[in-house]
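Visitor: To start, I am sharing the structure in question, which I have written as structure tokens.
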Amino acid sequence: MVRHEHEYHPLTVVDVVDETADTRSFVLDIPPALKETFTYAAGQFCTFRAEIDGEQVVRCYSMSSSPDTSDPFTTTVKRVPDGLMSNWMNDTLASGGTIDVLRPSGLFVLHDRDVPIVAFAGGSGITPVISIVKSALATTDRRILLVYANRSADAVIFADDLERLRAASDGRLSVHHHLDSERGFLDAAQCAALVGDDAHADFYICGPGPYMDIVVAGLAPLDVTTDRVFIERFVLPEPAPAAAGSDDVVTESLVIKLEQRETTVPYEAGETILDTARRAGLSPPFSCEQGNCATCMAHLDEGTATMRVNNALSLDEVGEGWVLTCQGLPTSPRVVVDYDA
Ligand SMILES: Cc1cc2nc3c(=O)[nH]c(=O)nc-3n(C[C@H](O)[C@H](O)[C@H](O)COP(=O)(O)OP(=O)(O)OC[C@H]3O[C@@H](n4cnc5c(N)ncnc54)[C@H](O)[C@@H]3O)c2cc1C
């Protein structure tokens with residue numbers, strides 16, 4: 001495979017669109033030389049980096065635009081109370097400004113299958129979902145049901161765009177808005193009822209954690225197979241206290257290949273591969289440290305490892321031996337990882 005590129009590119013904001021009182025879209029200019037780097041699939045995200053109050057902050061934001069329509073490259077950011085990056089972008093990032101962006105990534109994408117699409121979005125979770133909806137409308141004949149939950153009507157992002165898409169879809173797109181202010185939280189039985197006869201669909205779920213849990217609970221009695229359920233988590237669960245993968249395997253050492261040098265480091269239980277490398281005084285590449293951006297990926301030349309979270313590598317890449325070292329826990333006595341591969 002082609003190794004993921006780790007370089008941040010300063011992109012210029014060419015337009016800022018007020019979507020709701022606490023959400024703005026940022027249209028980014030992709031210069032011709034970077035067109036290939038910033039080619040993306042509907043539903044993917046980019047990793048953004050900014051210096052805020054002297055601190056370097058790195059966060060992921062999905063594209064709300066579709067690569068399959070005439071949309072310009074756009075990301076949509078909702079303020080999180082007291083959140084560093086989301087408020088900085090909404091308050092400070094203006095037209096003409098620049099922000100450092102890493103190439104697109106992510107596995108929450110449209111899959112080529114001839115079944116309906118049922119999408120459950122909540123709040124800012126609409127961002128990757130509307131991208132997928134637009135691409136599915138533009139490139140397939142699939143029927144789409146979008147269930148979109150929000151606290152109240154004024155929190156609904158893209159209300160007009162969704163209505164326009166629905167009206168132009170020839171009956172293929174149905175949009176069900178659920179407003180907590182009118183009907184309380186959506187519950188599992190309502191989710192199942194909304195799915196109706198479409199249990200064979202592909203399911204896309206993105207929203208606050210508790211909302212996604214309810215949707216998953218709603219799908220459980222419908223015998224929806226897990227390979228048809230695609231989930232994008234904006235907030236990752238706290239990792240469980242780290243334990244090296246298997247009870248009876250003790251990892252003794254890691255051999256780390258970086259910048260054409262090999263360093264052997266005794267392994268300390270619970271560390272990620274990235275932790276071990278840093279403890280040894282090495283400076284491997286890393287960025288989000290949440291398993292999203294793949295900046296820290298390395299090749300497992302020998303041995304095995306599991307990942308606590310993997311939102312960036314495809315199954316094929318994992319099969320080829322790539323590992324996100326910020327999430328990778330060794331599971332064999334000796335592990336050799338190559339950052340230069
Ligand atoms: C793959 C991926 C794609 C994403 N796409 C988008 C997107 O398209 N649009 C978008 O607005 N956001 C998106 N996010 C969320 C985004 O990356 C940030 O987590 C969010 O903007 C908060 O960052 P912050 O720096 O403002 O807050 P922080 O300073 O990180 O956090 C402030 C506090 O809020 C909590 N918190 C963090 N994120 C959330 C959240 N989303 N909801 C509620 N509480 C939270 C934290 O635990 C912390 O206590 C995405 C996240 C991921 C992993």
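Chain labels A, B, ... are given in the sequence in which chains occur in the structure tokens; within each chain residues are numbered consecutively from 1, and ligands are likewise numbered from 1 in the order shown.
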Can you tell me which residues sit at most 8 Å away from ligand 1, counting only C-alpha atoms and all ligand atoms, written as a ChimeraX atom specification?

Guide: /A:23,44-46,57-64,75-88,106,124-128,208,232-236,290,292,311

Visitor: Excluding Arg143 in chain A and its own-chain neighbours fewer than 6 positions away, which residues fall within 7 Å of it when counting only C-alpha atoms? Please give them as a PyMOL selection string.

Guide: chain A and resi 116-117+172-173

Visitor: Mind checking which residues fall within 8 Å of range 4-17 of chain A, counting only C-alpha atoms, ignoring those fewer than 3 positions away in the same chain, and posting them as a PyMOL selection string?

Guide: chain A and resi 24-30+49+93-103+285+294-295

Visitor: Since we have the selection now, will you write its residues out, keeping C-alpha atoms, as a JSON list (two decimals), in the first residue's frame?

Guide:
```json
[["chain", "number", "residue", "atom", "x", "y", "z"],
["A", 24, "ARG", "CA", -20.40, 27.05, 11.15],
["A", 25, "SER", "CA", -19.21, 25.52, 7.91],
["A", 26, "PHE", "CA", -15.73, 26.31, 6.63],
["A", 27, "VAL", "CA", -15.12, 26.14, 2.90],
["A", 28, "LEU", "CA", -11.44, 25.40, 2.20],
["A", 29, "ASP", "CA", -9.47, 26.12, -0.92],
["A", 30, "ILE", "CA", -7.60, 23.09, -2.20],
["A", 49, "ARG", "CA", -4.20, 21.52, 13.80],
["A", 93, "LEU", "CA", -11.25, 31.24, 11.83],
["A", 94, "ALA", "CA", -12.52, 33.66, 9.19],
["A", 95, "SER", "CA", -12.52, 33.91, 5.44],
["A", 96, "GLY", "CA", -8.93, 34.49, 4.27],
["A", 97, "GLY", "CA", -7.48, 32.72, 7.33],
["A", 98, "THR", "CA", -5.50, 29.49, 7.14],
["A", 99, "ILE", "CA", -5.50, 26.28, 9.14],
["A", 100, "ASP", "CA", -3.19, 23.25, 9.04],
["A", 101, "VAL", "CA", -4.93, 20.17, 7.68],
["A", 102, "LEU", "CA", -3.82, 16.56, 7.27],
["A", 103, "ARG", "CA", -5.07, 14.55, 4.27],
["A", 285, "PRO", "CA", 5.47, 10.78, 14.15],
["A", 294, "ALA", "CA", -2.86, 7.35, 11.13],
["A", 295, "THR", "CA", 0.07, 9.75, 11.48]]
```

Visitor: Identify all residues of range 43-280 of chain A in strand (DSSP E) (DSSP on the backbone) and supply them as a count of residues only.

Guide: 70

Visitor: Quick one, how far is CA of Ala159 in chain A from CA of Val216 in chain A?

Guide: 24.7 Å

Visitor: Write out as a PyMOL selection string the set of residues from range 89-322 of chain A that DSSP, computed on the backbone, places in alpha helix (DSSP H).

Guide: chain A and resi 89-92+126-139+159-167+180-183+188-195+209-219+273-279+315-319

Visitor: Which residue is closest to Gly291 in chain A? Choose from A:Thr226, A:Thr47, A:Ser174, A:Asp187 and count only C-alpha atoms.

Guide: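 Closest to Gly291 in chain A, using only C-alpha atoms: A:Thr47.
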
Visitor: Between CA of Asp170 in chain A and CA of Val133 in chain A, what is the distance, to one decimal in Å?

Guide: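 Rounded to one decimal, the two atoms are 14.0 Å apart.
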
Visitor: Residues near Ser66 in chain A, anyone? I mean within 7 Å using only C-alpha atoms, not counting same-chain ones fewer than 5 positions away, as a PyMOL selection string.

Guide: chain A and resi 42+71+131+134-135

Visitor: Just give me the gap between CA of Glu320 in chain A and CA of Val336 in chain A in Å, one decimal is fine.

Guide: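 Going from CA of Glu320 in chain A over to CA of Val336 in chain A covers 14.4 Å.
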
Visitor: Could you give me, as JSON lines, a per-residue list for range 202-232 of chain A showing, wherever an atom lies at most 10 Å from an atom of range 144-156 of chain A, the closest pair of atoms and their distance in Å to one decimal, using only C-alpha atoms and sorting by chain then residue number from low to high?

Guide:
```
{"residue": "A:Asp202", "atom": "CA", "partner": "A:Ile144", "partner_atom": "CA", "distance": 9.6}
{"residue": "A:Phe203", "atom": "CA", "partner": "A:Leu145", "partner_atom": "CA", "distance": 9.7}
{"residue": "A:Tyr204", "atom": "CA", "partner": "A:Leu146", "partner_atom": "CA", "distance": 9.3}
{"residue": "A:Ile205", "atom": "CA", "partner": "A:Val147", "partner_atom": "CA", "distance": 9.6}
{"residue": "A:Cys206", "atom": "CA", "partner": "A:Tyr148", "partner_atom": "CA", "distance": 9.8}
{"residue": "A:Gly207", "atom": "CA", "partner": "A:Ala149", "partner_atom": "CA", "distance": 8.6}
{"residue": "A:Tyr211", "atom": "CA", "partner": "A:Ala149", "partner_atom": "CA", "distance": 8.6}
```

Visitor: Which one of A:Thr263, A:Ser169, A:Thr39, A:Gln327 sits closest to Phe286 in chain A if you count only C-alpha atoms?

Guide: A:Gln327

Visitor: Using only C-alpha atoms, determine which residues lie at most 8 Å from Gly303 in chain A, disregarding the query and same-chain residues fewer than 6 positions distant; provide the list as a list in words.

Guide: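 My reading of the contact set: Pro330, Thr331, Ser332, Pro333, Arg334, Val335 and Val336 of chain A.
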
Visitor: Export, as an mmCIF file, in the first residue's frame, the selected residues with C-alpha atoms.

Guide:
```cif
data_model
loop_
_atom_site.group_PDB
_atom_site.id
_atom_site.type_symbol
_atom_site.label_atom_id
_atom_site.label_comp_id
_atom_site.auth_asym_id
_atom_site.auth_seq_id
_atom_site.Cartn_x
_atom_site.Cartn_y
_atom_site.Cartn_z
ATOM 1 C CA PRO A 330 2.032 -5.721 21.718
ATOM 2 C CA THR A 331 0.750 -9.284 22.068
ATOM 3 C CA SER A 332 3.840 -11.358 21.319
ATOM 4 C CA PRO A 333 7.120 -11.757 23.258
ATOM 5 C CA ARG A 334 9.106 -9.815 20.660
ATOM 6 C CA VAL A 335 7.751 -7.125 18.369
ATOM 7 C CA VAL A 336 9.590 -5.309 15.602
#
```
